[in-house]
file structure-v5.pdb (PDB, C-alpha atoms)
ATOM      1  CA  MET J   1     144.844  -5.024  -0.193
ATOM      2  CA  PRO J   2     145.744  -6.023   3.375
ATOM      3  CA  ASN J   3     144.872  -3.592   6.123
ATOM      4  CA  VAL J   4     148.371  -3.159   7.562
ATOM      5  CA  PRO J   5     148.689  -1.030  10.727
ATOM      6  CA  HIS J   6     150.574   2.205  10.105
ATOM      7  CA  PRO J   7     153.005   3.136  12.878
ATOM      8  CA  VAL J   8     152.512   6.916  12.875
ATOM      9  CA  ARG J   9     150.664   9.423  15.013
ATOM     10  CA  ARG J  10     147.024   9.177  14.128
ATOM     11  CA  ALA J  11     143.562   9.104  15.574
ATOM     12  CA  VAL J  12     141.194   6.785  13.765
ATOM     13  CA  ALA J  13     137.562   6.729  14.762
ATOM     14  CA  PRO J  14     136.789   3.533  16.692
ATOM     15  CA  SER J  15     133.466   1.805  16.655
ATOM     16  CA  PRO J  16     131.096   3.847  18.845
ATOM     17  CA  VAL J  17     130.254   2.552  22.269
ATOM     18  CA  GLN J  18     126.581   3.439  22.008
ATOM     19  CA  GLU J  19     124.249   0.579  21.183
ATOM     20  CA  VAL J  20     121.282   0.973  18.894
ATOM     21  CA  PRO J  21     118.757  -1.763  19.708
ATOM     22  CA  ALA J  22     117.659  -3.929  16.812
ATOM     23  CA  SER J  23     113.937  -4.231  16.230
ATOM     24  CA  ALA J  24     112.487  -7.684  16.838
ATOM     25  CA  ALA J  25     111.051  -7.909  13.345
ATOM     26  CA  PRO J  26     112.880  -5.963  10.600
ATOM     27  CA  THR J  27     110.614  -3.785   8.496
ATOM     28  CA  PRO J  28     111.359  -2.034   5.229
ATOM     29  CA  LYS J  29     111.056   1.399   6.843
ATOM     30  CA  VAL J  30     111.786   2.539  10.382
ATOM     31  CA  GLN J  31     111.661   5.993  11.892
ATOM     32  CA  TYR J  32     114.727   7.302  13.715
ATOM     33  CA  VAL J  33     114.270  10.145  16.174
ATOM     34  CA  LEU J  34     117.041  12.731  16.270
ATOM     35  CA  PRO J  35     117.377  14.019  19.861
ATOM     36  CA  ALA J  36     118.768  17.402  20.824
ATOM     37  CA  GLY J  37     121.334  15.918  23.204
ATOM     38  CA  ASN J  38     124.562  14.154  22.344
ATOM     39  CA  GLY J  39     123.764  13.218  18.761
ATOM     40  CA  VAL J  40     123.051   9.540  19.446
ATOM     41  CA  VAL J  41     120.278   8.308  17.186
ATOM     42  CA  ALA J  42     117.765   6.068  18.897
ATOM     43  CA  ALA J  43     115.771   3.538  16.885
ATOM     44  CA  GLN J  44     112.018   3.760  17.248
ATOM     45  CA  PRO J  45     109.821   1.129  15.503
ATOM     46  CA  GLN J  46     107.240   3.637  14.307
ATOM     47  CA  VAL J  47     105.735   4.578  10.955
ATOM     48  CA  ALA J  48     108.411   6.273   8.856
ATOM     49  CA  ARG J  49     108.229  10.051   8.972
ATOM     50  CA  GLY J  50     109.204  10.738   5.389
ATOM     51  CA  GLY J  51     110.207   9.413   2.009
ATOM     52  CA  ARG J  52     112.699  11.928   0.686
ATOM     53  CA  LEU J  53     114.927   9.065  -0.506
ATOM     54  CA  GLU J  54     112.184   6.608  -1.411
ATOM     55  CA  GLY J  55     113.512   4.023  -3.880
ATOM     56  CA  ARG J  56     117.114   5.207  -3.651
ATOM     57  CA  ILE J  57     120.082   2.919  -2.926
ATOM     58  CA  ALA J  58     122.899   4.490  -0.927
ATOM     59  CA  LEU J  59     126.429   3.273  -0.272
ATOM     60  CA  ILE J  60     127.885   4.842   2.875
ATOM     61  CA  SER J  61     131.568   4.500   3.686
ATOM     62  CA  GLY J  62     132.520   4.942   7.315
ATOM     63  CA  GLY J  63     129.024   3.707   8.136
ATOM     64  CA  GLY J  64     130.034   1.734  11.203
ATOM     65  CA  GLY J  65     130.377   4.722  13.514
ATOM     66  CA  GLY J  66     130.169   8.451  14.089
ATOM     67  CA  ILE J  67     128.770  10.533  11.239
ATOM     68  CA  GLY J  68     128.389   7.619   8.791
ATOM     69  CA  ARG J  69     126.300   5.602  11.226
ATOM     70  CA  THR J  70     123.907   8.503  11.786
ATOM     71  CA  ILE J  71     123.626   9.083   8.026
ATOM     72  CA  ALA J  72     122.707   5.430   7.450
ATOM     73  CA  GLN J  73     120.002   5.579  10.113
ATOM     74  CA  LEU J  74     118.507   8.807   8.763
ATOM     75  CA  PHE J  75     118.584   7.619   5.149
ATOM     76  CA  VAL J  76     116.657   4.458   6.002
ATOM     77  CA  SER J  77     114.070   6.527   7.880
ATOM     78  CA  GLU J  78     113.596   8.501   4.647
ATOM     79  CA  GLY J  79     112.987   5.451   2.475
ATOM     80  CA  ALA J  80     116.462   4.523   1.204
ATOM     81  CA  SER J  81     118.081   1.120   1.104
ATOM     82  CA  VAL J  82     121.665   1.352   2.351
ATOM     83  CA  VAL J  83     124.922  -0.539   2.082
ATOM     84  CA  VAL J  84     126.723   0.185   5.345
ATOM     85  CA  ALA J  85     130.477  -0.089   4.736
ATOM     86  CA  ASP J  86     133.437   0.162   7.089
ATOM     87  CA  LEU J  87     136.649  -1.608   8.076
ATOM     88  CA  GLU J  88     135.166  -3.884  10.748
ATOM     89  CA  MET J  89     132.260  -6.249  10.062
ATOM     90  CA  SER J  90     131.253  -6.128  13.727
ATOM     91  CA  SER J  91     130.466  -2.410  13.575
ATOM     92  CA  VAL J  92     128.592  -2.416  10.256
ATOM     93  CA  LYS J  93     126.660  -5.560  11.170
ATOM     94  CA  GLU J  94     125.456  -3.881  14.362
ATOM     95  CA  VAL J  95     124.187  -0.916  12.382
ATOM     96  CA  ALA J  96     122.626  -3.056   9.644
ATOM     97  CA  ASP J  97     120.943  -5.396  12.116
ATOM     98  CA  ALA J  98     119.279  -2.417  13.789
ATOM     99  CA  LEU J  99     118.051  -1.125  10.429
ATOM    100  CA  GLY J 100     116.628  -4.457   9.297
ATOM    101  CA  ALA J 101     115.831  -5.401   5.723
ATOM    102  CA  ALA J 102     116.767  -1.978   4.362
ATOM    103  CA  ALA J 103     120.479  -2.387   5.157
ATOM    104  CA  GLU J 104     123.352  -4.581   4.015
ATOM    105  CA  PRO J 105     126.711  -4.640   5.874
ATOM    106  CA  VAL J 106     129.963  -4.741   3.895
ATOM    107  CA  VAL J 107     133.629  -4.627   4.875
ATOM    108  CA  LEU J 108     135.382  -1.811   3.035
ATOM    109  CA  ASP J 109     138.941  -0.509   3.084
ATOM    110  CA  VAL J 110     138.554   2.674   1.036
ATOM    111  CA  ARG J 111     142.150   2.366  -0.205
ATOM    112  CA  ASP J 112     141.278  -0.823  -2.085
ATOM    113  CA  PRO J 113     139.433  -0.444  -5.428
ATOM    114  CA  GLU J 114     138.482  -4.128  -5.385
ATOM    115  CA  ALA J 115     136.763  -3.635  -2.043
ATOM    116  CA  TRP J 116     134.776  -0.776  -3.565
ATOM    117  CA  ALA J 117     133.710  -3.048  -6.433
ATOM    118  CA  THR J 118     132.553  -5.625  -3.897
ATOM    119  CA  ALA J 119     130.484  -2.988  -2.087
ATOM    120  CA  VAL J 120     128.792  -1.939  -5.335
ATOM    121  CA  ASP J 121     128.080  -5.598  -6.154
ATOM    122  CA  ALA J 122     126.562  -6.025  -2.684
ATOM    123  CA  ALA J 123     124.063  -3.272  -3.433
ATOM    124  CA  ARG J 124     123.156  -4.867  -6.746
ATOM    125  CA  ASP J 125     122.806  -8.340  -5.256
ATOM    126  CA  ARG J 126     120.750  -7.243  -2.249
ATOM    127  CA  PHE J 127     118.625  -4.429  -3.657
ATOM    128  CA  GLY J 128     118.552  -5.162  -7.392
ATOM    129  CA  ALA J 129     120.567  -2.189  -8.655
ATOM    130  CA  PRO J 130     123.886  -0.407  -8.049
ATOM    131  CA  PRO J 131     123.968   2.622  -5.743
ATOM    132  CA  ASP J 132     122.577   5.901  -7.019
ATOM    133  CA  VAL J 133     123.751   7.695  -3.871
ATOM    134  CA  LEU J 134     127.265   7.589  -2.424
ATOM    135  CA  VAL J 135     128.209   9.213   0.875
ATOM    136  CA  GLN J 136     131.900   9.119   1.713
ATOM    137  CA  SER J 137     132.308   9.704   5.430
ATOM    138  CA  ALA J 138     135.314   7.451   6.074
ATOM    139  CA  GLY J 139     138.398   9.385   7.065
ATOM    140  CA  VAL J 140     141.512   9.519   9.205
ATOM    141  CA  ASN J 141     143.086  12.245  11.306
ATOM    142  CA  ILE J 142     146.844  12.380  11.871
ATOM    143  CA  ASN J 143     148.252  14.788  14.437
ATOM    144  CA  GLY J 144     151.489  16.590  13.688
ATOM    145  CA  GLY J 145     152.556  20.012  12.425
ATOM    146  CA  VAL J 146     154.672  20.731   9.374
ATOM    147  CA  GLU J 147     157.916  20.147  11.261
ATOM    148  CA  GLU J 148     156.810  16.798  12.685
ATOM    149  CA  ALA J 149     154.805  15.394   9.750
ATOM    150  CA  THR J 150     156.550  12.590   7.874
ATOM    151  CA  VAL J 151     156.177  11.466   4.290
ATOM    152  CA  GLU J 152     154.495   8.341   5.668
ATOM    153  CA  ASP J 153     151.976  10.529   7.531
ATOM    154  CA  MET J 154     151.132  12.381   4.329
ATOM    155  CA  HIS J 155     150.785   9.218   2.274
ATOM    156  CA  PHE J 156     148.545   7.607   4.879
ATOM    157  CA  ALA J 157     146.244  10.650   5.126
ATOM    158  CA  PHE J 158     146.052  11.093   1.353
ATOM    159  CA  ASP J 159     145.501   7.374   0.683
ATOM    160  CA  ILE J 160     142.364   7.396   2.827
ATOM    161  CA  ASN J 161     141.056  10.969   2.639
ATOM    162  CA  VAL J 162     141.758  11.624  -1.053
ATOM    163  CA  VAL J 163     142.521   8.430  -2.979
ATOM    164  CA  GLY J 164     139.728   6.675  -1.091
ATOM    165  CA  VAL J 165     137.299   9.331  -2.332
ATOM    166  CA  LEU J 166     138.576   8.853  -5.885
ATOM    167  CA  HIS J 167     138.121   5.072  -5.714
ATOM    168  CA  GLY J 168     134.562   5.533  -4.448
ATOM    169  CA  ILE J 169     133.623   7.909  -7.251
ATOM    170  CA  GLN J 170     135.114   5.601  -9.857
ATOM    171  CA  ALA J 171     133.275   2.603  -8.406
ATOM    172  CA  VAL J 172     129.781   4.107  -8.497
ATOM    173  CA  ALA J 173     130.010   6.298 -11.603
ATOM    174  CA  PRO J 174     129.288   3.561 -14.207
ATOM    175  CA  GLY J 175     126.071   2.483 -12.500
ATOM    176  CA  MET J 176     124.954   6.060 -12.009
ATOM    177  CA  LYS J 177     125.613   6.845 -15.658
ATOM    178  CA  ALA J 178     123.568   3.829 -16.712
ATOM    179  CA  SER J 179     120.632   4.869 -14.532
ATOM    180  CA  GLY J 180     120.803   8.489 -15.652
ATOM    181  CA  ARG J 181     121.145   9.999 -12.192
ATOM    182  CA  GLY J 182     123.319  10.006  -9.096
ATOM    183  CA  SER J 183     124.393  12.010  -6.087
ATOM    184  CA  ILE J 184     127.838  11.762  -4.515
ATOM    185  CA  VAL J 185     128.549  13.450  -1.192
ATOM    186  CA  ALA J 186     132.011  13.580   0.389
ATOM    187  CA  VAL J 187     132.492  14.705   3.977
ATOM    188  CA  THR J 188     135.629  16.876   4.069
ATOM    189  CA  SER J 189     136.492  19.500   6.713
ATOM    190  CA  MET J 190     136.746  23.201   7.475
ATOM    191  CA  GLY J 191     140.327  22.429   8.446
ATOM    192  CA  GLY J 192     142.107  22.679   5.117
ATOM    193  CA  VAL J 193     139.228  24.328   3.255
ATOM    194  CA  SER J 194     138.462  27.519   5.191
ATOM    195  CA  TYR J 195     141.573  27.630   7.347
ATOM    196  CA  GLY J 196     144.599  25.681   8.516
ATOM    197  CA  VAL J 197     144.934  24.034  11.920
ATOM    198  CA  PRO J 198     148.209  24.178  13.856
ATOM    199  CA  GLY J 199     149.595  20.710  14.425
ATOM    200  CA  ASN J 200     147.360  19.106  11.775
ATOM    201  CA  ALA J 201     149.302  19.397   8.515
ATOM    202  CA  ALA J 202     148.580  16.032   6.884
ATOM    203  CA  TYR J 203     144.883  16.077   7.756
ATOM    204  CA  CYS J 204     144.266  19.626   6.534
ATOM    205  CA  ALA J 205     146.216  19.114   3.317
ATOM    206  CA  SER J 206     144.330  15.910   2.524
ATOM    207  CA  LYS J 207     140.904  17.441   3.214
ATOM    208  CA  ALA J 208     141.712  20.417   0.996
ATOM    209  CA  ALA J 209     142.700  18.032  -1.789
ATOM    210  CA  ALA J 210     139.535  15.961  -1.331
ATOM    211  CA  THR J 211     137.386  19.084  -1.661
ATOM    212  CA  ALA J 212     139.166  20.064  -4.877
ATOM    213  CA  LEU J 213     138.650  16.530  -6.191
ATOM    214  CA  VAL J 214     134.911  16.841  -5.522
ATOM    215  CA  GLN J 215     134.725  19.999  -7.613
ATOM    216  CA  CYS J 216     136.607  18.359 -10.488
ATOM    217  CA  ALA J 217     134.291  15.354 -10.310
ATOM    218  CA  ALA J 218     131.243  17.622 -10.445
ATOM    219  CA  LEU J 219     132.502  19.090 -13.719
ATOM    220  CA  ASP J 220     133.418  15.733 -15.228
ATOM    221  CA  LEU J 221     130.223  13.892 -14.220
ATOM    222  CA  GLY J 222     127.675  16.676 -14.557
ATOM    223  CA  PRO J 223     126.852  15.856 -18.209
ATOM    224  CA  SER J 224     125.841  12.371 -17.016
ATOM    225  CA  ARG J 225     123.394  13.881 -14.479
ATOM    226  CA  ILE J 226     125.593  12.938 -11.547
ATOM    227  CA  ARG J 227     125.918  15.602  -8.867
ATOM    228  CA  VAL J 228     128.991  15.724  -6.634
ATOM    229  CA  ASN J 229     129.190  17.887  -3.508
ATOM    230  CA  ALA J 230     131.350  18.271  -0.405
ATOM    231  CA  ILE J 231     129.958  18.726   3.080
ATOM    232  CA  VAL J 232     132.491  20.865   4.938
ATOM    233  CA  PRO J 233     131.892  20.473   8.683
ATOM    234  CA  GLY J 234     133.288  22.401  11.565
ATOM    235  CA  GLN J 235     134.263  20.345  14.579
ATOM    236  CA  VAL J 236     131.741  17.560  15.163
ATOM    237  CA  ASP J 237     131.476  15.473  18.324
ATOM    238  CA  THR J 238     132.689  12.069  17.113
ATOM    239  CA  PRO J 239     135.141   9.490  18.471
ATOM    240  CA  MET J 240     137.755  10.730  15.987
ATOM    241  CA  SER J 241     137.471  14.381  17.046
ATOM    242  CA  ARG J 242     137.569  13.426  20.721
ATOM    243  CA  ALA J 243     140.832  11.547  20.117
ATOM    244  CA  SER J 244     142.449  14.444  18.257
ATOM    245  CA  ALA J 245     145.050  16.577  20.026
ATOM    246  CA  THR J 246     143.895  19.583  17.967
ATOM    247  CA  SER J 247     140.266  19.599  19.135
ATOM    248  CA  ALA J 248     139.028  23.023  20.238
ATOM    249  CA  PRO J 249     138.185  23.611  23.911
ATOM    250  CA  HIS J 250     134.564  23.963  25.012
ATOM    251  CA  SER J 251     135.023  27.704  25.542
ATOM    252  CA  PHE J 252     135.696  28.149  21.826
ATOM    253  CA  PHE J 253     132.222  27.000  20.846
ATOM    254  CA  GLU J 254     130.564  29.425  23.246
ATOM    255  CA  LYS J 255     131.780  32.278  21.012
ATOM    256  CA  MET J 256     130.174  30.909  17.859
ATOM    257  CA  PRO J 257     126.888  32.242  16.392
ATOM    258  CA  VAL J 258     125.406  28.803  17.118
ATOM    259  CA  PRO J 259     127.149  28.220  20.469
ATOM    260  CA  ARG J 260     127.715  24.478  20.507
ATOM    261  CA  MET J 261     129.844  21.767  18.948
ATOM    262  CA  GLY J 262     128.419  20.083  15.867
ATOM    263  CA  GLN J 263     126.645  16.753  16.219
ATOM    264  CA  PRO J 264     126.541  13.860  13.733
ATOM    265  CA  ARG J 265     122.868  14.608  13.108
ATOM    266  CA  ASP J 266     123.832  18.056  11.717
ATOM    267  CA  ILE J 267     125.940  16.425   9.032
ATOM    268  CA  ALA J 268     123.376  13.680   8.396
ATOM    269  CA  GLN J 269     120.625  16.208   7.690
ATOM    270  CA  SER J 270     122.894  17.996   5.219
ATOM    271  CA  ALA J 271     123.777  14.709   3.517
ATOM    272  CA  LEU J 272     120.062  13.920   3.239
ATOM    273  CA  PHE J 273     119.422  17.228   1.486
ATOM    274  CA  LEU J 274     122.311  16.769  -0.947
ATOM    275  CA  ALA J 275     121.343  13.163  -1.698
ATOM    276  CA  SER J 276     117.711  14.044  -2.395
ATOM    277  CA  GLU J 277     116.099  15.728  -5.387
ATOM    278  CA  GLU J 278     115.607  18.834  -3.253
ATOM    279  CA  SER J 279     119.175  19.766  -4.208
ATOM    280  CA  SER J 280     118.810  18.917  -7.900
ATOM    281  CA  TRP J 281     120.411  22.232  -9.003
ATOM    282  CA  ILE J 282     123.352  21.975  -6.606
ATOM    283  CA  THR J 283     126.669  20.429  -7.623
ATOM    284  CA  GLY J 284     130.341  21.183  -7.104
ATOM    285  CA  THR J 285     129.587  23.094  -3.927
ATOM    286  CA  LYS J 286     131.393  23.320  -0.599
ATOM    287  CA  PHE J 287     128.431  22.980   1.758
ATOM    288  CA  LEU J 288     129.559  24.529   5.041
ATOM    289  CA  VAL J 289     127.980  23.083   8.198
ATOM    290  CA  ASP J 290     129.868  24.867  10.933
ATOM    291  CA  GLY J 291     127.608  26.743  13.346
ATOM    292  CA  GLY J 292     128.762  30.034  11.839
ATOM    293  CA  MET J 293     132.471  29.364  12.418
ATOM    294  CA  ASP J 294     133.386  30.693   8.981
ATOM    295  CA  ALA J 295     131.314  33.864   9.334
ATOM    296  CA  GLY J 296     133.785  36.115  11.092
ATOM    297  CA  PRO J 297     137.326  36.743  12.296
ATOM    298  CA  GLY J 298     138.423  35.003  15.456
ATOM    299  CA  LEU J 299     136.120  32.031  14.795
ATOM    300  CA  GLY J 300     137.555  30.311  11.720
TER     301      GLY J 300
END
call {"tool": "encode", "arguments": {"input": "structure-v5.pdb", "output": "structure tokens"}}
result
Amino acid sequence: MPNVPHPVRRAVAPSPVQEVPASAAPTPKVQYVLPAGNGVVAAQPQVARGGRLEGRIALISGGGGGIGRTIAQLFVSEGASVVVADLEMSSVKEVADALGAAAEPVVLDVRDPEAWATAVDAARDRFGAPPDVLVQSAGVNINGGVEEATVEDMHFAFDINVVGVLHGIQAVAPGMKASGRGSIVAVTSMGGVSYGVPGNAAYCASKAAATALVQCAALDLGPSRIRVNAIVPGQVDTPMSRASATSAPHSFFEKMPVPRMGQPRDIAQSALFLASEESSWITGTKFLVDGGMDAGPGLG
């Protein structure tokens, strides 16, 4: 399917401007230190700090930037092999080169089921088996309230944020069934799940639908020992949120129980938990990662 530009109001996350230096000699495992600052993950060629995903193969959509990039880096530090997938080869190659032998870059338009099949084949060809972890962090935000939103806006948001999730689940499910285990994690949003956002109709509606799809998938795939969960973030500091006209002002976050904006590392740590066996009795859940935004009136 060709990636045809869509002439509507939207903010799509660009490739991040931060550079993660590639190690001189790729090693199977690299530690990545998660700083307390702006969420940028810096590569450190040290002994890996953990193996919570040892032997696992993860496919990560949206892996070229923002949340997906941080998830790929953290997963490798915990022993996983990763297929880093996104629209632009330049962005995923940069991430994969920094991660070394544990990563494979793939171009992926989530709207295209054939592209998903290619990504699954890339995991099998490079690492010897299909993915047993899928993290779906690719997404699009379209600004516009209910009076301004067009049918084209809605189709574009749903094609990526909902149908893209469906294609991903369908692509990895056969391999997960054959292996007898799997974990699927979709990154959705508080906007559309816990509350609506003025001026963000298509985005919120699509994220609500994606979360419902996750719960249906958990019921359908549970008998095959495949767990499916949604991470439901509050506002996270990413290129896409910075470009959105509906982003909350800094003063809003000062009122929250955890008084700061979310960082990609917050979502990555949650994805790590849901991908690992530590969450083996968790499926079909809406895993809120929001700094307490949903806890009380005036916040959510």
call {"tool": "resolve_selection", "arguments": {"input": "structure-v5.pdb", "expression": "the PyMOL selection byres ((chain J and resi 158) around 10)", "output": "ChimeraX atom specification"}}
result
/J:111,139-140,152-157,159-165,202-203,205-207,209-210
call {"tool": "resolve_selection", "arguments": {"input": "structure-v5.pdb", "expression": "the PyMOL selection byres ((chain J and resi 166-176) around 8)", "output": "PDB file with C-alpha atoms, in the frame of the given file"}}
result
ATOM      1  CA  VAL J 110     138.554   2.674   1.036  1.00  0.00           C
ATOM      2  CA  ARG J 111     142.150   2.366  -0.205  1.00  0.00           C
ATOM      3  CA  ASP J 112     141.278  -0.823  -2.085  1.00  0.00           C
ATOM      4  CA  PRO J 113     139.433  -0.444  -5.428  1.00  0.00           C
ATOM      5  CA  TRP J 116     134.776  -0.776  -3.565  1.00  0.00           C
ATOM      6  CA  ALA J 117     133.710  -3.048  -6.433  1.00  0.00           C
ATOM      7  CA  VAL J 120     128.792  -1.939  -5.335  1.00  0.00           C
ATOM      8  CA  PRO J 130     123.886  -0.407  -8.049  1.00  0.00           C
ATOM      9  CA  PRO J 131     123.968   2.622  -5.743  1.00  0.00           C
ATOM     10  CA  ASP J 132     122.577   5.901  -7.019  1.00  0.00           C
ATOM     11  CA  LEU J 134     127.265   7.589  -2.424  1.00  0.00           C
ATOM     12  CA  GLN J 136     131.900   9.119   1.713  1.00  0.00           C
ATOM     13  CA  VAL J 162     141.758  11.624  -1.053  1.00  0.00           C
ATOM     14  CA  VAL J 163     142.521   8.430  -2.979  1.00  0.00           C
ATOM     15  CA  GLY J 164     139.728   6.675  -1.091  1.00  0.00           C
ATOM     16  CA  VAL J 165     137.299   9.331  -2.332  1.00  0.00           C
ATOM     17  CA  LYS J 177     125.613   6.845 -15.658  1.00  0.00           C
ATOM     18  CA  ALA J 178     123.568   3.829 -16.712  1.00  0.00           C
ATOM     19  CA  SER J 179     120.632   4.869 -14.532  1.00  0.00           C
ATOM     20  CA  GLY J 180     120.803   8.489 -15.652  1.00  0.00           C
ATOM     21  CA  ARG J 181     121.145   9.999 -12.192  1.00  0.00           C
ATOM     22  CA  GLY J 182     123.319  10.006  -9.096  1.00  0.00           C
ATOM     23  CA  ILE J 184     127.838  11.762  -4.515  1.00  0.00           C
ATOM     24  CA  LEU J 213     138.650  16.530  -6.191  1.00  0.00           C
ATOM     25  CA  ILE J 226     125.593  12.938 -11.547  1.00  0.00           C
TER      26      ILE J 226
END
call {"tool": "resolve_selection", "arguments": {"input": "structure-v5.pdb", "expression": "the PyMOL selection byres ((chain J and resi 211) around 10)", "output": "mmCIF file with C-alpha atoms, in the frame of the given file"}}
result
data_model
loop_
_atom_site.group_PDB
_atom_site.id
_atom_site.type_symbol
_atom_site.label_atom_id
_atom_site.label_comp_id
_atom_site.auth_asym_id
_atom_site.auth_seq_id
_atom_site.Cartn_x
_atom_site.Cartn_y
_atom_site.Cartn_z
ATOM 1 C CA ASN J 161 141.056 10.969 2.639
ATOM 2 C CA VAL J 162 141.758 11.624 -1.053
ATOM 3 C CA VAL J 165 137.299 9.331 -2.332
ATOM 4 C CA ALA J 186 132.011 13.580 0.389
ATOM 5 C CA VAL J 187 132.492 14.705 3.977
ATOM 6 C CA THR J 188 135.629 16.876 4.069
ATOM 7 C CA SER J 189 136.492 19.500 6.713
ATOM 8 C CA GLY J 192 142.107 22.679 5.117
ATOM 9 C CA VAL J 193 139.228 24.328 3.255
ATOM 10 C CA SER J 206 144.330 15.910 2.524
ATOM 11 C CA LYS J 207 140.904 17.441 3.214
ATOM 12 C CA ALA J 208 141.712 20.417 0.996
ATOM 13 C CA ALA J 209 142.700 18.032 -1.789
ATOM 14 C CA ALA J 210 139.535 15.961 -1.331
ATOM 15 C CA ALA J 212 139.166 20.064 -4.877
ATOM 16 C CA LEU J 213 138.650 16.530 -6.191
ATOM 17 C CA VAL J 214 134.911 16.841 -5.522
ATOM 18 C CA GLN J 215 134.725 19.999 -7.613
ATOM 19 C CA CYS J 216 136.607 18.359 -10.488
ATOM 20 C CA ALA J 217 134.291 15.354 -10.310
ATOM 21 C CA ASN J 229 129.190 17.887 -3.508
ATOM 22 C CA ALA J 230 131.350 18.271 -0.405
ATOM 23 C CA ILE J 231 129.958 18.726 3.080
ATOM 24 C CA VAL J 232 132.491 20.865 4.938
ATOM 25 C CA GLY J 284 130.341 21.183 -7.104
ATOM 26 C CA THR J 285 129.587 23.094 -3.927
ATOM 27 C CA LYS J 286 131.393 23.320 -0.599
#
call {"tool": "atom_distance", "arguments": {"input": "structure-v5.pdb", "atom1": "CA of Thr238 in chain J", "atom2": "CA of Ile57 in chain J"}}
result
25.4 Å
call {"tool": "atom_distance", "arguments": {"input": "structure-v5.pdb", "atom1": "CA of Val82 in chain J", "atom2": "CA of Ala102 in chain J"}}
result
6.3 Å
call {"tool": "residues_around", "arguments": {"input": "structure-v5.pdb", "residues": "Ile60 in chain J", "least_positions_apart": "6", "cutoff": "7 Å", "atoms": "all atoms listed in the file", "output": "PDB file with C-alpha atoms, keeping the file's coordinate frame"}}
result
ATOM      1  CA  GLY J  68     128.389   7.619   8.791  1.00  0.00           C
ATOM      2  CA  ALA J  72     122.707   5.430   7.450  1.00  0.00           C
ATOM      3  CA  VAL J  83     124.922  -0.539   2.082  1.00  0.00           C
ATOM      4  CA  VAL J  84     126.723   0.185   5.345  1.00  0.00           C
ATOM      5  CA  ALA J  85     130.477  -0.089   4.736  1.00  0.00           C
ATOM      6  CA  LEU J 134     127.265   7.589  -2.424  1.00  0.00           C
ATOM      7  CA  VAL J 135     128.209   9.213   0.875  1.00  0.00           C
ATOM      8  CA  GLN J 136     131.900   9.119   1.713  1.00  0.00           C
TER       9      GLN J 136
END
call {"tool": "atom_distance", "arguments": {"input": "structure-v5.pdb", "atom1": "CA of Gly291 in chain J", "atom2": "CA of Gln235 in chain J"}}
result
9.3 Å
